[in-house]
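Coordinates from target-v8.csv are shown below (CSV, C-alpha atoms).
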chain,number,residue,atom,x,y,z
A,1,MET,CA,0.0,0.0,0.0
A,2,LEU,CA,1.4,3.3,-1.0
A,3,THR,CA,1.6,6.3,1.4
A,4,GLU,CA,2.9,9.8,1.4
A,5,GLN,CA,6.4,8.5,2.2
A,6,ASP,CA,6.4,6.8,-1.2
A,7,VAL,CA,5.7,9.9,-3.2
A,8,PRO,CA,9.3,11.0,-3.9
A,9,GLU,CA,10.1,7.6,-5.4
A,10,LEU,CA,6.9,7.6,-7.4
A,11,PHE,CA,7.5,11.1,-8.6
A,12,ALA,CA,11.0,10.1,-9.8
A,13,TYR,CA,9.5,7.4,-12.1
A,14,ARG,CA,9.9,7.9,-15.9
A,15,SER,CA,8.1,5.6,-18.3
A,16,ALA,CA,9.8,3.4,-20.8
A,17,TYR,CA,7.0,4.0,-23.3
A,18,ARG,CA,8.1,4.8,-26.9
A,19,GLU,CA,5.6,6.2,-29.3
A,20,PRO,CA,5.4,5.0,-32.9
A,21,ALA,CA,7.3,7.0,-35.5
A,22,ASP,CA,4.1,7.5,-37.5
A,23,PHE,CA,1.9,8.5,-34.5
A,24,ASP,CA,1.1,11.9,-35.9
A,25,VAL,CA,0.6,10.7,-39.4
A,26,PHE,CA,-1.9,8.1,-38.1
A,27,TRP,CA,-4.0,10.6,-36.2
A,28,LYS,CA,-3.9,13.3,-38.8
A,29,GLY,CA,-5.1,10.8,-41.3
A,30,THR,CA,-7.8,9.5,-39.0
A,31,LEU,CA,-9.2,12.9,-38.3
A,32,ALA,CA,-8.9,14.1,-41.9
A,33,GLN,CA,-10.8,11.0,-43.1
A,34,THR,CA,-13.6,11.7,-40.5
A,35,ARG,CA,-13.9,15.4,-41.4
A,36,THR,CA,-14.1,14.8,-45.2
A,37,GLY,CA,-17.6,15.6,-46.4
A,38,GLN,CA,-19.0,15.6,-42.8
A,39,GLU,CA,-19.7,18.8,-40.9
A,40,ALA,CA,-19.4,18.6,-37.2
A,41,SER,CA,-22.9,19.8,-36.4
A,42,LEU,CA,-24.6,19.5,-33.0
A,43,GLU,CA,-28.3,18.8,-33.2
A,44,LEU,CA,-30.2,19.6,-30.0
A,45,THR,CA,-33.7,18.5,-28.8
A,46,ASP,CA,-35.1,20.0,-25.7
A,47,VAL,CA,-35.8,17.6,-22.8
A,48,ALA,CA,-38.5,18.3,-20.2
A,49,THR,CA,-36.9,17.9,-16.8
A,50,GLY,CA,-38.8,20.2,-14.3
A,51,LEU,CA,-35.5,22.0,-13.5
A,52,GLU,CA,-35.8,25.7,-13.1
A,53,THR,CA,-32.2,26.9,-13.5
A,54,VAL,CA,-30.7,24.4,-16.1
A,55,ASP,CA,-31.9,23.5,-19.6
A,56,VAL,CA,-31.1,20.0,-20.8
A,57,PHE,CA,-30.9,18.9,-24.5
A,58,ASP,CA,-30.6,15.6,-26.1
A,59,ALA,CA,-27.5,16.1,-28.2
A,60,VAL,CA,-26.3,14.2,-31.3
A,61,PHE,CA,-23.4,14.8,-33.7
A,62,PRO,CA,-21.5,12.8,-36.4
A,63,GLY,CA,-18.5,10.9,-35.0
A,64,PHE,CA,-16.1,8.5,-36.6
A,65,GLY,CA,-17.4,7.3,-40.0
A,66,GLY,CA,-20.3,9.7,-39.7
A,67,HIS,CA,-21.9,7.5,-37.0
A,68,PRO,CA,-24.3,9.3,-34.7
A,69,VAL,CA,-22.9,9.9,-31.2
A,70,ARG,CA,-25.2,11.1,-28.4
A,71,GLY,CA,-24.8,13.1,-25.2
A,72,TRP,CA,-26.5,15.5,-23.0
A,73,LEU,CA,-26.0,19.3,-23.3
A,74,ARG,CA,-26.8,21.1,-20.1
A,75,VAL,CA,-26.8,24.9,-20.0
A,76,PRO,CA,-27.7,27.5,-17.4
A,77,ARG,CA,-31.2,28.9,-18.2
A,78,HIS,CA,-30.3,32.4,-17.1
A,79,GLY,CA,-27.4,34.7,-17.8
A,80,SER,CA,-25.6,36.1,-20.8
A,81,ARG,CA,-24.3,34.0,-23.8
A,82,PRO,CA,-22.1,32.8,-25.3
A,83,LEU,CA,-21.0,30.6,-22.4
A,84,PRO,CA,-17.7,29.0,-21.6
A,85,ALA,CA,-18.0,25.2,-22.1
A,86,VAL,CA,-16.9,22.0,-20.5
A,87,VAL,CA,-16.9,18.7,-22.5
A,88,GLN,CA,-16.9,15.7,-20.2
A,89,PHE,CA,-16.2,12.0,-21.0
A,90,HIS,CA,-17.3,9.2,-18.7
A,91,GLY,CA,-15.8,6.2,-17.0
A,92,TYR,CA,-15.4,2.7,-18.4
A,93,GLY,CA,-18.6,0.8,-19.1
A,94,SER,CA,-20.8,3.8,-18.2
A,95,GLY,CA,-22.8,6.1,-20.5
A,96,ARG,CA,-24.3,9.6,-20.5
A,97,GLY,CA,-26.8,8.5,-17.9
A,98,ALA,CA,-30.0,10.4,-17.2
A,99,PRO,CA,-30.9,14.0,-18.0
A,100,LEU,CA,-30.9,14.9,-14.3
A,101,ASP,CA,-27.4,13.6,-13.7
A,102,ASP,CA,-24.2,15.6,-13.6
A,103,LEU,CA,-25.5,19.1,-13.0
A,104,LEU,CA,-22.3,20.5,-11.5
A,105,TRP,CA,-20.8,22.3,-14.5
A,106,ALA,CA,-24.1,23.8,-15.8
A,107,SER,CA,-24.9,24.9,-12.2
A,108,ALA,CA,-21.5,26.7,-12.2
A,109,GLY,CA,-22.3,28.6,-15.3
A,110,TYR,CA,-20.9,26.5,-18.1
A,111,ALA,CA,-22.4,24.8,-21.2
A,112,HIS,CA,-21.7,21.2,-20.3
A,113,LEU,CA,-21.6,18.4,-22.9
A,114,LEU,CA,-21.4,14.9,-21.5
A,115,VAL,CA,-20.5,12.5,-24.3
A,116,ASP,CA,-21.3,8.8,-24.7
A,117,ALA,CA,-18.5,6.4,-25.5
A,118,ARG,CA,-19.8,4.3,-28.3
A,119,GLY,CA,-20.8,0.7,-27.5
A,120,GLN,CA,-20.6,1.3,-23.8
A,121,GLY,CA,-23.3,2.2,-21.2
A,122,GLY,CA,-24.6,-1.1,-20.0
A,123,ALA,CA,-22.6,-1.4,-16.8
A,124,TRP,CA,-23.6,1.4,-14.5
A,125,ALA,CA,-24.6,5.1,-14.0
A,126,GLY,CA,-27.8,5.1,-16.1
A,127,GLY,CA,-26.5,3.7,-19.3
A,128,GLY,CA,-25.6,5.1,-22.7
A,129,ALA,CA,-27.4,5.6,-26.0
A,130,THR,CA,-24.7,5.2,-28.7
A,131,PRO,CA,-24.1,1.9,-30.4
A,132,ASP,CA,-20.9,1.0,-32.2
A,133,PRO,CA,-21.9,-0.3,-35.6
A,134,VAL,CA,-18.3,-1.5,-36.3
A,135,GLY,CA,-17.6,-5.2,-35.7
A,136,SER,CA,-14.6,-6.8,-34.0
A,137,GLY,CA,-12.5,-9.9,-34.2
A,138,PRO,CA,-12.2,-12.2,-31.2
A,139,ALA,CA,-11.9,-10.2,-28.0
A,140,HIS,CA,-11.8,-10.7,-24.3
A,141,PRO,CA,-15.1,-9.9,-22.5
A,142,GLY,CA,-15.3,-6.1,-22.1
A,143,PHE,CA,-14.3,-3.3,-24.5
A,144,LEU,CA,-10.6,-2.9,-24.2
A,145,THR,CA,-9.5,-5.6,-26.7
A,146,ARG,CA,-12.2,-5.0,-29.4
A,147,GLY,CA,-10.5,-4.7,-32.7
A,148,ILE,CA,-7.1,-4.7,-31.1
A,149,GLU,CA,-5.6,-6.8,-33.9
A,150,ASP,CA,-4.7,-3.5,-35.8
A,151,LYS,CA,-4.6,0.2,-35.0
A,152,ASP,CA,-7.1,0.9,-37.8
A,153,THR,CA,-9.7,-1.4,-36.3
A,154,TYR,CA,-9.2,-0.7,-32.6
A,155,VAL,CA,-12.2,0.6,-30.8
A,156,TYR,CA,-10.5,3.5,-29.2
A,157,ARG,CA,-9.6,4.9,-32.6
A,158,ARG,CA,-13.3,5.5,-33.0
A,159,VAL,CA,-13.9,6.6,-29.4
A,160,PHE,CA,-11.1,9.2,-29.5
A,161,THR,CA,-12.2,10.5,-32.9
A,162,ASP,CA,-15.8,10.8,-31.6
A,163,ALA,CA,-14.4,12.9,-28.7
A,164,VAL,CA,-12.5,15.3,-30.9
A,165,ARG,CA,-15.7,15.7,-33.0
A,166,ALA,CA,-17.7,16.4,-29.9
A,167,VAL,CA,-15.5,19.5,-29.2
A,168,GLU,CA,-15.7,20.6,-32.8
A,169,ALA,CA,-19.5,20.2,-32.9
A,170,LEU,CA,-20.0,22.1,-29.6
A,171,ARG,CA,-17.7,24.9,-30.8
A,172,GLY,CA,-20.0,25.2,-33.9
A,173,ARG,CA,-22.9,26.2,-31.6
A,174,THR,CA,-21.8,29.8,-31.3
A,175,ASP,CA,-25.4,30.7,-30.3
A,176,LEU,CA,-24.6,29.0,-27.0
A,177,VAL,CA,-20.9,28.6,-26.6
A,178,ASP,CA,-17.8,30.8,-26.9
A,179,PRO,CA,-15.5,28.5,-29.0
A,180,THR,CA,-12.4,30.1,-27.5
A,181,ARG,CA,-13.3,29.0,-24.0
A,182,VAL,CA,-13.6,25.3,-24.0
A,183,ALA,CA,-12.2,22.7,-21.5
A,184,VAL,CA,-12.2,18.9,-21.4
A,185,VAL,CA,-12.6,16.8,-18.3
A,186,GLY,CA,-13.1,13.2,-17.2
A,187,PRO,CA,-12.5,10.5,-14.6
A,188,SER,CA,-10.7,7.2,-15.4
A,189,GLN,CA,-11.6,6.3,-19.0
A,190,GLY,CA,-13.0,9.7,-19.3
A,191,GLY,CA,-9.7,11.2,-18.2
A,192,GLY,CA,-7.9,9.1,-20.8
A,193,ILE,CA,-10.3,10.3,-23.5
A,194,ALA,CA,-9.9,13.9,-22.4
A,195,LEU,CA,-6.1,13.6,-22.5
A,196,ALA,CA,-6.3,12.3,-26.0
A,197,VAL,CA,-8.5,15.2,-27.0
A,198,ALA,CA,-6.1,17.6,-25.3
A,199,GLY,CA,-3.3,16.2,-27.5
A,200,LEU,CA,-5.3,16.3,-30.7
A,201,VAL,CA,-7.1,19.7,-30.3
A,202,PRO,CA,-4.4,22.4,-30.0
A,203,ASP,CA,-6.3,25.4,-28.6
A,204,LEU,CA,-8.3,24.2,-25.6
A,205,SER,CA,-8.5,26.5,-22.5
A,206,ALA,CA,-8.1,23.9,-19.7
A,207,ALA,CA,-8.2,20.2,-18.8
A,208,HIS,CA,-8.8,18.0,-15.8
A,209,PHE,CA,-7.8,14.4,-15.7
A,210,GLN,CA,-8.8,12.3,-12.6
A,211,ALA,CA,-7.0,9.0,-12.5
A,212,PRO,CA,-6.7,8.9,-16.3
A,213,PHE,CA,-7.0,5.4,-17.9
A,214,LEU,CA,-4.9,4.3,-20.9
A,215,CYS,CA,-1.7,5.9,-19.7
A,216,ASP,CA,1.6,4.0,-19.7
A,217,ILE,CA,-0.4,1.0,-20.7
A,218,ARG,CA,2.3,-1.7,-20.7
A,219,GLN,CA,3.4,-0.7,-17.2
A,220,ALA,CA,-0.2,-0.7,-16.0
A,221,THR,CA,-0.7,-4.3,-17.1
A,222,ARG,CA,2.4,-5.2,-15.0
A,223,LEU,CA,1.1,-3.5,-11.9
A,224,THR,CA,-2.5,-4.3,-11.5
A,225,ALA,CA,-4.7,-7.4,-11.8
A,226,ALA,CA,-7.9,-5.4,-11.8
A,227,ASP,CA,-10.2,-4.7,-14.7
A,228,PRO,CA,-10.1,-3.2,-17.3
A,229,TYR,CA,-6.4,-3.7,-17.7
A,230,ALA,CA,-6.9,-7.4,-16.8
A,231,GLU,CA,-8.8,-7.7,-20.1
A,232,ILE,CA,-5.5,-7.3,-21.9
A,233,VAL,CA,-3.8,-9.9,-19.7
A,234,GLY,CA,-6.7,-12.3,-20.3
A,235,TYR,CA,-6.6,-11.7,-24.0
A,236,LEU,CA,-2.9,-12.3,-24.2
A,237,GLY,CA,-3.1,-15.3,-21.9
A,238,ALA,CA,-5.2,-16.9,-24.7
A,239,ARG,CA,-3.2,-15.4,-27.6
A,240,ARG,CA,0.4,-15.7,-26.5
A,241,ASP,CA,1.7,-15.1,-30.1
A,242,ARG,CA,0.1,-11.7,-30.3
A,243,VAL,CA,1.9,-9.8,-27.5
A,244,ALA,CA,4.1,-7.6,-29.7
A,245,GLN,CA,1.2,-7.0,-32.1
A,246,THR,CA,-1.1,-6.0,-29.3
A,247,PHE,CA,1.2,-3.6,-27.6
A,248,ASP,CA,2.1,-2.1,-31.0
A,249,THR,CA,-1.6,-1.3,-31.5
A,250,LEU,CA,-1.9,0.1,-28.0
A,251,SER,CA,1.1,2.4,-28.5
A,252,TYR,CA,-1.0,4.6,-30.8
A,253,PHE,CA,-3.5,5.1,-28.0
A,254,ASP,CA,-1.3,5.7,-25.0
A,255,GLY,CA,-2.0,8.9,-23.1
A,256,LEU,CA,1.7,9.7,-22.8
A,257,ALA,CA,1.9,10.4,-26.5
A,258,PHE,CA,-1.1,12.7,-26.4
A,259,ALA,CA,0.3,14.4,-23.3
A,260,ARG,CA,3.4,15.3,-25.1
A,261,ARG,CA,1.3,17.3,-27.6
A,262,ALA,CA,-1.1,18.9,-25.2
A,263,THR,CA,-0.7,22.6,-24.2
A,264,ALA,CA,-3.8,23.6,-22.3
A,265,PRO,CA,-3.3,24.3,-18.6
A,266,ALA,CA,-4.1,20.9,-16.9
A,267,TRP,CA,-4.9,19.5,-13.5
A,268,PHE,CA,-4.1,15.8,-12.9
A,269,SER,CA,-5.1,13.7,-9.8
A,270,ALA,CA,-4.6,10.2,-8.5
A,271,GLY,CA,-5.3,8.2,-5.4
A,272,LEU,CA,-2.3,6.4,-4.0
A,273,ARG,CA,-4.6,3.4,-3.2
A,274,ASP,CA,-5.9,3.1,-6.7
A,275,GLU,CA,-5.8,-0.5,-7.9
A,276,VAL,CA,-7.6,0.2,-11.2
A,277,CYS,CA,-5.2,2.9,-12.7
A,278,PRO,CA,-2.0,2.6,-10.7
A,279,PRO,CA,-1.0,6.1,-9.6
A,280,VAL,CA,2.5,5.9,-11.2
A,281,THR,CA,0.8,5.8,-14.6
A,282,THR,CA,-0.9,9.1,-13.9
A,283,ILE,CA,2.5,10.5,-12.8
A,284,ALA,CA,4.0,9.3,-16.0
A,285,ALA,CA,1.4,11.2,-18.0
A,286,TYR,CA,1.9,14.2,-15.8
A,287,HIS,CA,5.6,14.2,-16.5
A,288,ALA,CA,5.0,13.8,-20.3
A,289,TYR,CA,2.5,16.7,-20.4
A,290,ALA,CA,3.8,19.6,-22.4
A,291,GLY,CA,1.6,22.4,-21.1
A,292,PRO,CA,1.3,24.1,-17.6
A,293,LYS,CA,0.2,21.5,-15.1
A,294,GLN,CA,-0.6,20.6,-11.6
A,295,LEU,CA,-0.7,17.2,-9.9
A,296,ARG,CA,-2.7,16.3,-6.8
A,297,LEU,CA,-2.0,12.9,-5.1
A,298,TRP,CA,-4.6,11.8,-2.5
A,299,GLU,CA,-3.0,9.5,0.0
A,300,PHE,CA,-6.1,7.8,1.4
A,301,ASN,CA,-8.1,7.6,-1.8
A,302,GLY,CA,-8.4,5.0,-4.5
A,303,HIS,CA,-9.8,5.2,-8.0
A,304,ASP,CA,-12.0,8.2,-7.0
A,305,ALA,CA,-8.9,10.3,-7.0
A,306,GLY,CA,-10.1,12.7,-4.4
A,307,GLY,CA,-13.7,12.7,-5.6
A,308,PRO,CA,-15.7,16.0,-5.0
A,309,GLU,CA,-12.7,17.7,-3.2
A,310,ASP,CA,-10.7,17.2,-6.4
A,311,LEU,CA,-13.5,18.5,-8.5
A,312,ALA,CA,-13.6,21.6,-6.3
A,313,ILE,CA,-10.0,22.3,-7.3
A,314,ALA,CA,-10.8,22.1,-11.0
A,315,LEU,CA,-14.0,24.2,-10.5
A,316,SER,CA,-12.0,27.0,-8.9
A,317,ALA,CA,-9.2,26.8,-11.5
A,318,PHE,CA,-11.5,26.7,-14.4
A,319,GLY,CA,-13.3,29.8,-13.2
A,320,ALA,CA,-10.1,31.7,-13.3
A,321,LEU,CA,-9.3,30.5,-16.8
A,322,LEU,CA,-12.6,30.3,-18.6
A,323,LYS,CA,-14.6,33.1,-17.1
A,324,THR,CA,-13.5,36.5,-18.4
A,325,SER,CA,-14.4,38.3,-15.1
A,326,SER,CA,-12.1,36.1,-13.1
A,327,ARG,CA,-8.4,36.7,-12.3
A,328,PRO,CA,-5.7,34.4,-13.8
A,329,PRO,CA,-5.0,31.3,-11.7
A,330,VAL,CA,-2.1,31.1,-9.3
A,331,LEU,CA,-0.3,27.8,-9.8
A,332,PRO,CA,1.7,26.9,-6.6
A,333,SER,CA,4.9,24.8,-6.9
A,334,PRO,CA,5.7,23.1,-3.6
A,335,ALA,CA,7.7,19.9,-3.5
A,336,PRO,CA,5.5,16.9,-4.7
A,337,SER,CA,3.6,15.2,-1.9
A,338,ALA,CA,0.3,13.5,-1.3
A,339,SER,CA,-1.1,16.8,0.0
A,340,SER,CA,0.3,19.3,-2.5
A,341,ARG,CA,0.1,20.3,-6.1
A,342,LYS,CA,3.1,20.9,-8.4
A,343,LYS,CA,3.5,23.4,-11.2
A,344,GLU,CA,5.7,22.9,-14.3
A,345,ARG,CA,5.8,24.6,-17.6

In structure tokens, how does this file's structure come out?
Amino acid sequence: MLTEQDVPELFAYRSAYREPADFDVFWKGTLAQTRTGQEASLELTDVATGLETVDVFDAVFPGFGGHPVRGWLRVPRHGSRPLPAVVQFHGYGSGRGAPLDDLLWASAGYAHLLVDARGQGGAWAGGGATPDPVGSGPAHPGFLTRGIEDKDTYVYRRVFTDAVRAVEALRGRTDLVDPTRVAVVGPSQGGGIALAVAGLVPDLSAAHFQAPFLCDIRQATRLTAADPYAEIVGYLGARRDRVAQTFDTLSYFDGLAFARRATAPAWFSAGLRDEVCPPVTTIAAYHAYAGPKQLRLWEFNGHDAGGPEDLAIALSAFGALLKTSSRPPVLPSPAPSASSRKKER
């Protein structure tokens, strides 16, 4: 069990991950293919909720391959527009949930788009509404190994592309949103998706990654026996001849590569008792991140990575960055510990 005494050793860790030489070519080609002939439009249908201060819309936009991707857009009913915006991605196996869920960001004065991960949503938190019409070869139960035979067929190629298109579609709604004030957030899988978007979209205003999944993937499979990473272990336990091929595919989706290309001010967090996303993998992503950054390590927390207290840090920081009436944030830089945040540029 890790404690605050282990933080200096954890913080000294540097990943052995090496990104593919054609990483940028792959992702530029993927996004160009998706954008060709397909405008990133966001269609909104009003949802009756009974709320008096927040309006909720059923949102749909074209993602990878033009496939429809759904989410909820929540906006404050009162106040001036255009609004600063937060695009959120959810945890593994979850979905956009119910219209009355996740009211934090809209209540704080942001347009808030919560985006489905295609094919997921049957496990918890109210479910999702976006199927994945693309098939897969043999896979371990779960989502993590679907299409893993090749980078072009891997499920997260579609998921990450959908996420980029979500930002582009929301920015197109200039009647509601200021496209120059957009942030991305997410916990766990959502943090990994948000990190990918931060690396693929160059002009975001801020980002918050709680215990981000899909970072330093090879090391994570060595350190934890918990799902979802255990799906990779189970898959390779049955397909022992595909180890190199599998990790080659995953190298195109590792958060460390996206972190090296991300420039938006970012807040990372991890729980030292996290058995799902080992905290050292978050630290590896933090070290790789190219933009201004802070890291909060929560000594007595697990995969919740500080929960609402950590969200309060992001809420305060985003207010200083995305709301024009606020002052610029002050980023402290004490020595790294489980009770401090660290600044690097």

Expected answer as a PyMOL selection string: all residues with atoms within 12 Å of (5.9, 7.0, -33.3), all atoms listed in the file: chain A and resi 17-27+248-254+256-258+260

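The shortest atom-to-atom distance to His67 of chain A, with all atoms listed in the file taken into account, belongs to A:Asp132 out of A:Glu149, A:Asp132, A:Asp101, A:Asp6.
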
Which residue out of A:Thr224, A:Gln88, A:Ser107, A:Thr153 has the minimum interatomic distance to Ser188 of chain A when only C-alpha atoms are used? A:Gln88

Excluding segment 49-54 of chain A and its own-chain neighbours fewer than 3 positions away, which residues fall within 6 Å of it when counting only C-alpha atoms? Please give them as a short mmCIF file (atom, residue, chain, number, x, y, z; two decimals) with C-alpha atoms, keeping the file's coordinate frame.
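And here's result-v3.cif as it stands now:
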data_model
loop_
_atom_site.label_atom_id
_atom_site.label_comp_id
_atom_site.auth_asym_id
_atom_site.auth_seq_id
_atom_site.Cartn_x
_atom_site.Cartn_y
_atom_site.Cartn_z
CA VAL A 75 -26.80 24.90 -20.00
CA PRO A 76 -27.70 27.50 -17.40
CA ARG A 77 -31.20 28.90 -18.20
#

Ref. answer, residues at most 10 Å from (-8.9, -5.8, -26.4) with all atoms listed in the file, as a PyMOL selection string: chain A and resi 136-149+154-156+228-236+246+249-250

All residues 12 Å or closer to Gly93 of chain A, only C-alpha atoms, same chain fewer than 5 positions away omitted, as a compact mmCIF listing (two decimals) with C-alpha atoms, in the frame of the given file:
# COMPACT_ATOMS: atom_id res chain seq x y z
CA ASP A 116 -21.30 8.80 -24.70
CA ALA A 117 -18.50 6.40 -25.50
CA ARG A 118 -19.80 4.30 -28.30
CA GLY A 119 -20.80 0.70 -27.50
CA GLN A 120 -20.60 1.30 -23.80
CA GLY A 121 -23.30 2.20 -21.20
CA GLY A 122 -24.60 -1.10 -20.00
CA ALA A 123 -22.60 -1.40 -16.80
CA TRP A 124 -23.60 1.40 -14.50
CA ALA A 125 -24.60 5.10 -14.00
CA GLY A 126 -27.80 5.10 -16.10
CA GLY A 127 -26.50 3.70 -19.30
CA GLY A 128 -25.60 5.10 -22.70
CA PRO A 141 -15.10 -9.90 -22.50
CA GLY A 142 -15.30 -6.10 -22.10
CA PHE A 143 -14.30 -3.30 -24.50
CA LEU A 144 -10.60 -2.90 -24.20
CA SER A 188 -10.70 7.20 -15.40
CA GLN A 189 -11.60 6.30 -19.00
CA GLY A 190 -13.00 9.70 -19.30
CA ASP A 227 -10.20 -4.70 -14.70
CA PRO A 228 -10.10 -3.20 -17.30

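In terms of minimum interatomic distance to Leu73 of chain A, A:Arg173 ranks closest within A:Arg222, A:His287, A:Arg173, A:Arg35, counting only C-alpha atoms.
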
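Shortest separation to Ser316 of chain A among A:Leu297, A:Ala206, A:Ala48, A:Ala12 occurs at residue A:Ala206, atoms counted being all atoms listed in the file.
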
Mind checking which residues fall within 7 Å of Leu44 of chain A, counting all atoms listed in the file, ignoring those fewer than 2 positions away in the same chain, and posting them as number ranges by chain? A: 42, 46, 57-60
